[in-house]
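Chemist: Input protein20.cif, format and content: mmCIF, C-alpha atoms.
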```
data_input
loop_
_atom_site.label_atom_id
_atom_site.label_comp_id
_atom_site.auth_asym_id
_atom_site.auth_seq_id
_atom_site.Cartn_x
_atom_site.Cartn_y
_atom_site.Cartn_z
CA MET A 1 7.54 0.10 22.69
CA ARG A 2 7.24 -3.66 22.62
CA VAL A 3 6.45 -5.30 19.32
CA ASP A 4 5.23 -8.76 18.48
CA VAL A 5 7.94 -10.04 16.13
CA ASP A 6 5.89 -13.14 15.30
CA GLU A 7 2.97 -10.91 14.25
CA ILE A 8 5.31 -8.84 12.05
CA ARG A 9 6.57 -12.02 10.38
CA ARG A 10 3.02 -13.37 9.97
CA GLN A 11 1.76 -10.16 8.37
CA GLU A 12 4.90 -9.93 6.23
CA ARG A 13 4.39 -13.50 4.97
CA GLU A 14 0.68 -12.84 4.39
CA LEU A 15 1.41 -9.66 2.42
CA ARG A 16 4.05 -11.38 0.28
CA GLU A 17 1.60 -14.20 -0.52
CA GLU A 18 -1.12 -11.71 -1.41
CA LEU A 19 1.27 -9.71 -3.61
CA GLY A 20 2.29 -12.93 -5.36
CA ARG A 21 -1.37 -13.80 -5.90
CA LEU A 22 -2.02 -10.36 -7.40
CA GLU A 23 0.99 -10.73 -9.72
CA GLN A 24 -0.24 -14.17 -10.85
CA GLU A 25 -3.74 -12.82 -11.43
CA MET A 26 -2.30 -9.93 -13.48
CA ARG A 27 -0.32 -12.45 -15.55
CA GLU A 28 -3.57 -14.32 -16.28
CA VAL A 29 -5.47 -11.14 -17.16
CA ALA A 30 -2.56 -10.06 -19.38
CA GLY A 31 -2.81 -13.32 -21.33
CA GLY A 32 0.42 -14.81 -19.98
CA ARG A 33 2.42 -11.67 -20.58
CA GLU A 34 4.75 -10.65 -17.75
CA VAL A 35 3.77 -7.24 -16.35
CA ASP A 36 5.98 -6.06 -13.50
CA LEU A 37 3.55 -4.41 -11.08
CA ARG A 38 6.47 -2.68 -9.33
CA SER A 39 7.46 -0.89 -12.54
CA SER A 40 5.44 2.07 -13.80
CA THR A 41 7.15 1.72 -17.18
CA SER A 42 6.08 -1.91 -17.52
CA ILE A 43 2.52 -1.04 -16.46
CA ALA A 44 2.41 1.93 -18.87
CA ASN A 45 3.63 -0.21 -21.78
CA PHE A 46 0.98 -2.80 -21.05
CA LEU A 47 -1.96 -0.43 -20.49
CA PHE A 48 -1.25 2.15 -23.16
CA ARG A 49 0.37 0.00 -25.83
CA SER A 50 -1.06 -3.50 -25.39
CA LEU A 51 -4.57 -2.60 -24.22
CA ASN A 52 -4.65 0.64 -26.25
CA ILE A 53 -6.02 2.72 -23.40
CA SER A 54 -6.01 6.42 -24.11
CA PRO A 55 -3.52 8.21 -21.88
CA PRO A 56 -4.56 11.24 -19.86
CA PRO A 57 -4.68 14.56 -21.76
CA GLY A 58 -1.27 16.08 -22.33
CA CYS A 59 0.65 12.79 -22.41
CA CYS A 60 2.75 11.92 -25.41
CA TRP A 61 2.28 8.36 -26.75
CA THR A 62 5.95 8.05 -27.63
CA ASN A 63 7.34 9.17 -24.26
CA VAL A 64 7.26 6.08 -22.00
CA LYS A 65 8.48 8.05 -18.95
CA GLN A 66 5.65 10.54 -19.38
CA LEU A 67 3.14 7.69 -19.75
CA ALA A 68 4.52 6.01 -16.61
CA ALA A 69 4.19 9.27 -14.68
CA ALA A 70 0.56 9.49 -15.79
CA LEU A 71 -0.35 6.35 -13.82
CA SER A 72 -1.67 8.21 -10.81
CA SER A 73 -4.07 6.56 -8.41
CA SER A 74 -6.85 8.87 -9.56
CA PHE A 75 -6.32 7.84 -13.21
CA LEU A 76 -6.36 4.13 -12.29
CA GLU A 77 -9.42 4.56 -10.04
CA GLU A 78 -11.21 6.29 -12.90
CA LEU A 79 -10.32 3.38 -15.22
CA ALA A 80 -11.61 0.88 -12.68
CA ARG A 81 -14.81 2.84 -12.04
CA THR A 82 -15.57 3.49 -15.71
CA SER A 83 -15.18 -0.14 -16.65
CA ARG A 84 -17.26 -1.22 -13.65
CA GLU A 85 -20.14 1.04 -14.68
CA GLY A 86 -20.07 0.40 -18.40
CA GLY A 87 -17.99 -2.75 -18.57
CA ARG A 88 -20.14 -4.57 -21.05
CA ARG A 89 -17.31 -5.25 -23.43
CA ARG A 90 -14.67 -7.82 -22.56
CA GLU A 91 -11.82 -5.34 -23.07
CA GLU A 92 -13.42 -2.82 -20.70
CA GLU A 93 -13.77 -5.52 -18.05
CA ARG A 94 -10.15 -6.52 -18.58
CA THR A 95 -9.01 -2.90 -18.29
CA GLY A 96 -10.95 -2.39 -15.06
CA LYS A 97 -9.60 -5.59 -13.56
CA CYS A 98 -6.03 -4.56 -14.45
CA ALA A 99 -6.53 -1.14 -12.86
CA ARG A 100 -7.91 -2.71 -9.65
CA LEU A 101 -5.03 -5.21 -9.50
CA ILE A 102 -2.48 -2.41 -9.90
CA LEU A 103 -4.14 -0.32 -7.18
CA ASP A 104 -4.35 -3.29 -4.79
CA HIS A 105 -0.71 -4.19 -5.45
CA ARG A 106 0.41 -0.62 -4.78
CA ARG A 107 -1.55 -0.46 -1.51
CA LEU A 108 -0.23 -3.77 -0.18
CA SER A 109 3.30 -3.13 -1.41
CA SER A 110 3.30 0.23 0.36
CA LEU A 111 2.15 -1.39 3.58
CA LEU A 112 4.89 -3.99 3.36
CA HIS A 113 7.78 -1.81 2.21
CA SER A 114 6.92 1.47 3.93
CA HIS A 115 5.65 0.18 7.25
CA LEU A 116 6.27 -3.46 8.21
CA LEU A 117 9.79 -4.03 6.85
CA PRO A 118 11.20 -0.73 8.18
CA LEU A 119 9.60 -1.39 11.56
CA HIS A 120 11.09 -4.88 11.62
CA SER A 121 14.56 -3.44 10.96
CA PHE A 122 14.29 -1.31 14.14
CA VAL A 123 13.41 -4.24 16.43
CA VAL A 124 15.94 -4.95 19.20
CA SER A 125 15.01 -7.63 21.76
CA SER A 126 11.29 -7.50 20.88
CA ALA A 127 11.21 -3.73 21.32
CA VAL A 128 11.43 -0.63 19.19
CA HIS A 129 13.13 2.42 20.63
CA CYS A 130 11.84 5.42 18.71
CA LEU A 131 12.71 9.02 19.30
CA GLN A 132 10.00 11.20 20.79
CA VAL A 133 10.53 14.80 19.74
CA GLN A 134 8.49 17.84 20.65
CA ASP A 135 10.05 20.42 18.35
CA ALA A 136 9.19 18.58 15.12
CA CYS A 137 5.73 20.17 14.88
CA GLY A 138 4.67 23.77 15.09
CA THR A 139 1.74 22.76 17.30
CA GLY A 140 4.00 21.49 20.06
CA ARG A 141 2.67 17.95 19.96
CA ILE A 142 5.05 15.06 20.47
CA ALA A 143 6.11 13.30 17.29
CA SER A 144 7.71 9.90 16.84
CA ARG A 145 10.78 9.27 14.67
CA SER A 146 13.08 6.40 13.76
CA PRO A 147 10.65 4.67 13.32
CA ASN A 148 7.54 6.81 13.11
CA LEU A 149 4.96 4.69 14.93
CA GLN A 150 2.33 7.37 14.38
CA CYS A 151 2.07 6.63 10.67
CA LEU A 152 1.21 2.93 11.00
CA PRO A 153 -2.02 2.36 9.06
CA LYS A 154 -5.08 1.40 11.05
CA ARG A 155 -6.83 -1.30 9.06
CA ARG A 156 -6.46 -3.51 6.06
CA SER A 157 -9.07 -6.23 5.63
CA GLY A 158 -9.05 -7.59 9.16
CA ASN A 159 -5.41 -7.00 10.03
CA SER A 160 -3.74 -3.86 11.22
CA ALA A 161 -0.08 -2.92 11.11
CA ARG A 162 -0.76 -1.44 14.54
CA ASP A 163 -1.42 -4.96 15.87
CA VAL A 164 2.34 -5.50 16.01
CA VAL A 165 2.75 -2.88 18.76
CA ILE A 166 1.87 -4.51 22.07
CA ALA A 167 1.84 -3.56 25.73
CA ARG A 168 4.14 -5.04 28.34
CA GLN A 169 2.69 -7.61 30.68
CA ASN A 170 0.11 -6.11 33.08
CA CYS A 171 0.13 -2.84 31.10
CA MET A 172 -2.09 -1.38 28.41
CA LEU A 173 -1.60 0.97 25.49
CA VAL A 174 -3.79 4.03 25.23
CA SER A 175 -4.25 5.84 21.96
CA ALA A 176 -5.77 9.30 21.71
CA ASP A 177 -6.04 11.82 18.95
CA TYR A 178 -4.52 15.20 19.83
CA SER A 179 -7.91 16.84 19.23
CA GLN A 180 -9.44 14.57 21.89
CA VAL A 181 -7.16 15.87 24.61
CA GLY A 182 -8.41 19.08 26.18
CA THR A 183 -7.11 21.24 28.96
CA ARG A 184 -9.46 22.51 31.61
CA SER A 185 -8.89 25.23 34.12
#
```
How does the structure come out when it is put into C-alpha coordinates?
Modeler:
Amino acid sequence: MRVDVDEIRRQERELREELGRLEQEMREVAGGREVDLRSSTSIANFLFRSLNISPPPGCCWTNVKQLAAALSSSFLEELARTSREGGRRREEERTGKCARLILDHRRLSSLLHSHLLPLHSFVVSSAVHCLQVQDACGTGRIASRSPNLQCLPKRRSGNSARDVVIARQNCMLVSADYSQVGTRS
(Lines of atoms letter the chains of each structure in order from A and count residues from 1; the text may use other names and numbers.)
(Lines give C-alpha, C1' and ligand atoms only; values in the text may rest on other atoms or scores of the structure.)
Protein backbone atom coordinates (compact mmCIF):
# COMPACT_ATOMS: atom_id res chain seq x y z
CA MET A 1 0.00 0.00 0.00
CA ARG A 2 1.25 3.46 -0.83
CA VAL A 3 1.29 6.03 1.93
CA ASP A 4 1.60 9.78 1.84
CA VAL A 5 4.66 10.40 4.01
CA ASP A 6 4.07 14.17 3.95
CA GLU A 7 0.53 13.62 5.27
CA ILE A 8 1.89 11.39 8.06
CA ARG A 9 4.37 14.11 9.03
CA ARG A 10 1.70 16.81 8.84
CA GLN A 11 -0.72 14.87 11.05
CA GLU A 12 2.12 13.93 13.42
CA ARG A 13 3.13 17.60 13.76
CA GLU A 14 -0.51 18.65 14.20
CA LEU A 15 -1.08 16.03 16.91
CA ARG A 16 2.10 17.01 18.78
CA GLU A 17 1.02 20.68 18.71
CA GLU A 18 -2.45 19.78 19.96
CA LEU A 19 -1.01 17.59 22.74
CA GLY A 20 1.27 20.46 23.76
CA ARG A 21 -1.70 22.83 23.80
CA LEU A 22 -3.65 20.41 26.01
CA GLU A 23 -0.69 20.10 28.40
CA GLN A 24 -0.38 23.91 28.59
CA GLU A 25 -4.11 24.26 29.21
CA MET A 26 -3.91 21.63 31.98
CA ARG A 27 -1.02 23.56 33.55
CA GLU A 28 -3.20 26.70 33.58
CA VAL A 29 -6.21 24.86 35.03
CA ALA A 30 -3.93 23.29 37.65
CA GLY A 31 -2.78 26.74 38.76
CA GLY A 32 0.74 26.43 37.34
CA ARG A 33 1.31 23.01 38.81
CA GLU A 34 2.94 20.48 36.48
CA VAL A 35 0.63 17.52 35.85
CA ASP A 36 2.08 14.90 33.53
CA LEU A 37 -0.88 13.83 31.39
CA ARG A 38 1.04 10.70 30.31
CA SER A 39 1.31 9.50 33.91
CA SER A 40 -1.70 8.00 35.68
CA THR A 41 0.10 8.45 39.00
CA SER A 42 0.60 12.17 38.40
CA ILE A 43 -3.03 12.57 37.32
CA ALA A 44 -4.27 10.58 40.33
CA ASN A 45 -2.21 12.69 42.74
CA PHE A 46 -3.60 15.86 41.24
CA LEU A 47 -7.26 14.81 41.03
CA PHE A 48 -7.59 12.89 44.27
CA ARG A 49 -5.16 14.79 46.48
CA SER A 50 -5.05 18.35 45.12
CA LEU A 51 -8.66 18.68 43.95
CA ASN A 52 -9.98 16.34 46.67
CA ILE A 53 -12.16 14.36 44.28
CA SER A 54 -13.64 11.26 45.84
CA PRO A 55 -12.15 8.14 44.28
CA PRO A 56 -14.38 5.38 42.96
CA PRO A 57 -15.79 2.96 45.56
CA GLY A 58 -13.28 0.39 46.72
CA CYS A 59 -10.18 2.55 46.18
CA CYS A 60 -7.83 3.21 49.04
CA TRP A 61 -6.78 6.87 49.47
CA THR A 62 -3.28 5.89 50.52
CA ASN A 63 -2.55 3.53 47.62
CA VAL A 64 -1.43 5.73 44.71
CA LYS A 65 -1.21 2.77 42.30
CA GLN A 66 -4.79 1.80 43.09
CA LEU A 67 -5.91 5.41 42.59
CA ALA A 68 -4.06 5.58 39.26
CA ALA A 69 -5.74 2.36 38.12
CA ALA A 70 -9.11 3.89 38.98
CA LEU A 71 -8.73 6.54 36.27
CA SER A 72 -10.77 4.70 33.69
CA SER A 73 -12.36 6.53 30.80
CA SER A 74 -15.81 5.88 32.24
CA PHE A 75 -14.80 7.47 35.58
CA LEU A 76 -13.36 10.53 33.82
CA GLU A 77 -16.39 10.83 31.52
CA GLU A 78 -18.65 10.72 34.56
CA LEU A 79 -16.59 13.50 36.19
CA ALA A 80 -16.83 15.61 33.05
CA ARG A 81 -20.56 14.99 32.65
CA THR A 82 -21.42 15.62 36.30
CA SER A 83 -19.56 18.90 36.40
CA ARG A 84 -21.11 19.96 33.07
CA GLU A 85 -24.63 19.36 34.39
CA GLY A 86 -24.20 20.80 37.85
CA GLY A 87 -21.02 22.80 37.43
CA ARG A 88 -22.17 25.87 39.25
CA ARG A 89 -19.24 25.93 41.61
CA ARG A 90 -15.81 26.93 40.36
CA GLU A 91 -14.20 23.72 41.65
CA GLU A 92 -16.75 21.55 39.82
CA GLU A 93 -16.05 23.43 36.59
CA ARG A 94 -12.32 22.99 37.14
CA THR A 95 -12.76 19.27 37.79
CA GLY A 96 -14.83 18.81 34.64
CA LYS A 97 -12.34 20.73 32.53
CA CYS A 98 -9.47 18.61 33.91
CA ALA A 99 -11.36 15.40 33.12
CA ARG A 100 -12.08 16.55 29.55
CA LEU A 101 -8.43 17.58 29.03
CA ILE A 102 -7.23 14.18 30.26
CA LEU A 103 -9.66 12.33 27.99
CA ASP A 104 -8.72 14.46 24.96
CA HIS A 105 -5.01 13.96 25.67
CA ARG A 106 -5.46 10.19 25.93
CA ARG A 107 -7.40 10.04 22.66
CA LEU A 108 -4.89 12.11 20.68
CA SER A 109 -1.89 10.43 22.29
CA SER A 110 -3.30 7.03 21.36
CA LEU A 111 -3.79 8.14 17.78
CA LEU A 112 -0.22 9.39 17.59
CA HIS A 113 1.57 6.59 19.43
CA SER A 114 -0.60 3.61 18.46
CA HIS A 115 -1.33 4.46 14.85
CA LEU A 116 0.68 7.19 13.11
CA LEU A 117 4.17 6.62 14.56
CA PRO A 118 4.09 2.81 14.14
CA LEU A 119 2.80 3.21 10.59
CA HIS A 120 5.57 5.69 9.83
CA SER A 121 8.17 3.18 11.07
CA PHE A 122 6.98 0.64 8.46
CA VAL A 123 7.30 3.02 5.49
CA VAL A 124 9.82 1.96 2.83
CA SER A 125 9.99 4.07 -0.35
CA SER A 126 6.56 5.66 0.26
CA ALA A 127 4.94 2.26 0.71
CA VAL A 128 3.94 -0.05 3.52
CA HIS A 129 4.22 -3.78 2.95
CA CYS A 130 1.89 -5.44 5.42
CA LEU A 131 1.20 -9.12 5.76
CA GLN A 132 -2.21 -10.32 4.62
CA VAL A 133 -3.15 -13.47 6.52
CA GLN A 134 -6.28 -15.55 6.20
CA ASP A 135 -5.83 -17.89 9.15
CA ALA A 136 -5.78 -15.13 11.79
CA CYS A 137 -9.58 -15.10 12.14
CA GLY A 138 -12.02 -17.90 12.70
CA THR A 139 -14.34 -16.38 10.10
CA GLY A 140 -11.84 -16.83 7.29
CA ARG A 141 -11.61 -13.15 6.46
CA ILE A 142 -8.28 -11.68 5.47
CA ALA A 143 -6.51 -9.77 8.22
CA SER A 144 -3.66 -7.29 7.98
CA ARG A 145 -0.54 -7.44 10.16
CA SER A 146 2.76 -5.60 10.55
CA PRO A 147 1.24 -2.99 10.38
CA ASN A 148 -2.46 -3.58 10.86
CA LEU A 149 -4.00 -1.12 8.41
CA GLN A 150 -7.48 -2.30 9.37
CA CYS A 151 -7.31 -0.64 12.78
CA LEU A 152 -6.60 2.89 11.53
CA PRO A 153 -9.27 5.15 13.03
CA LYS A 154 -11.73 6.75 10.65
CA ARG A 155 -12.18 10.31 11.82
CA ARG A 156 -10.86 12.85 14.24
CA SER A 157 -12.13 16.40 13.82
CA GLY A 158 -11.65 16.73 10.08
CA ASN A 159 -8.59 14.54 9.65
CA SER A 160 -8.38 10.81 9.36
CA ALA A 161 -5.42 8.54 9.96
CA ARG A 162 -6.73 6.67 6.93
CA ASP A 163 -5.94 9.72 4.77
CA VAL A 164 -2.29 8.66 4.78
CA VAL A 165 -3.06 5.51 2.76
CA ILE A 166 -3.29 6.50 -0.89
CA ALA A 167 -3.81 4.78 -4.23
CA ARG A 168 -1.18 4.52 -6.93
CA GLN A 169 -1.52 6.81 -9.91
CA ASN A 170 -4.55 5.92 -12.08
CA CYS A 171 -5.81 3.51 -9.39
CA MET A 172 -8.36 3.77 -6.60
CA LEU A 173 -8.78 2.21 -3.19
CA VAL A 174 -12.02 0.45 -2.38
CA SER A 175 -13.08 -0.18 1.18
CA ALA A 176 -15.87 -2.56 2.12
CA ASP A 177 -17.06 -4.01 5.36
CA TYR A 178 -17.07 -7.81 5.41
CA SER A 179 -20.81 -7.77 6.12
CA GLN A 180 -21.36 -5.79 2.90
CA VAL A 181 -19.88 -8.52 0.74
CA GLY A 182 -22.37 -11.23 -0.12
CA THR A 183 -22.14 -14.34 -2.22
CA ARG A 184 -24.87 -15.18 -4.67
CA SER A 185 -25.52 -18.42 -6.42
Chemist: I need the residue nearest A:Arg168 from this list: A:Ser74, A:Ser110, A:Ser144, A:Ser126. Use all atoms listed in the file for the distance.
Modeler: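 Of all the options, A:Ser126 lies closest to A:Arg168.
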Chemist: Measuring between all atoms listed in the file, which one of A:Ser42, A:Gln132, A:Asn148, A:Ser160 shows the shortest distance to A:Leu112?
Modeler: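 Between A:Ser42, A:Gln132, A:Asn148, A:Ser160, the residue approaching A:Leu112 most closely is A:Ser160.
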Chemist: Evaluate the PyMOL selection byres ((chain A and resi 19-33) around 10) against this structure - the residues, as a PyMOL selection string, please.
Modeler: chain A and resi 13-18+34-38+46-47+50-51+94-95+97-102+104-109+112
Chemist: Tell me, in Å to one decimal, how far atom CA of A:Leu71 is from atom CA of A:Pro57.
Modeler: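 Separation between atom CA of A:Leu71 and atom CA of A:Pro57: 12.2 Å.
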Chemist: Provide an axis-aligned box for all listed atoms of stretch 74-84 of chain A, padding each side by 6 Å; report its centre and its edge lengths in Å to one decimal, as AutoDock Vina command-line options.
Modeler:
```
--center_x -11.8 --center_y 3.8 --center_z -13.1 --size_x 22.9 --size_y 22.1 --size_z 19.1
```
Chemist: When you look at A:His120 with a cut-off of 12 Å (counting all atoms listed in the file), what residues show up, excluding the ones that are within fewer than 2 positions of it in the same chain? I need them as a PyMOL selection string.
Modeler: chain A and resi 2-12+112-118+122-129+146-147+149+161+164-165
Chemist: Could you work out how far atom CA of A:Cys151 lies from atom CA of A:Leu79, giving the answer in Å with one decimal?
Modeler: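 These two atoms are separated by 28.9 Å.
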Chemist: What's the separation between atom CA of A:Ser72 and atom CA of A:Ser54, in Å to one decimal place?
Modeler: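 Distance between the two atoms: 14.1 Å.
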Chemist: What does the PyMOL selection byres ((chain A and resi 133) around 6) select in this file, as number ranges by chain?
Modeler: A: 132, 134-135, 142-143
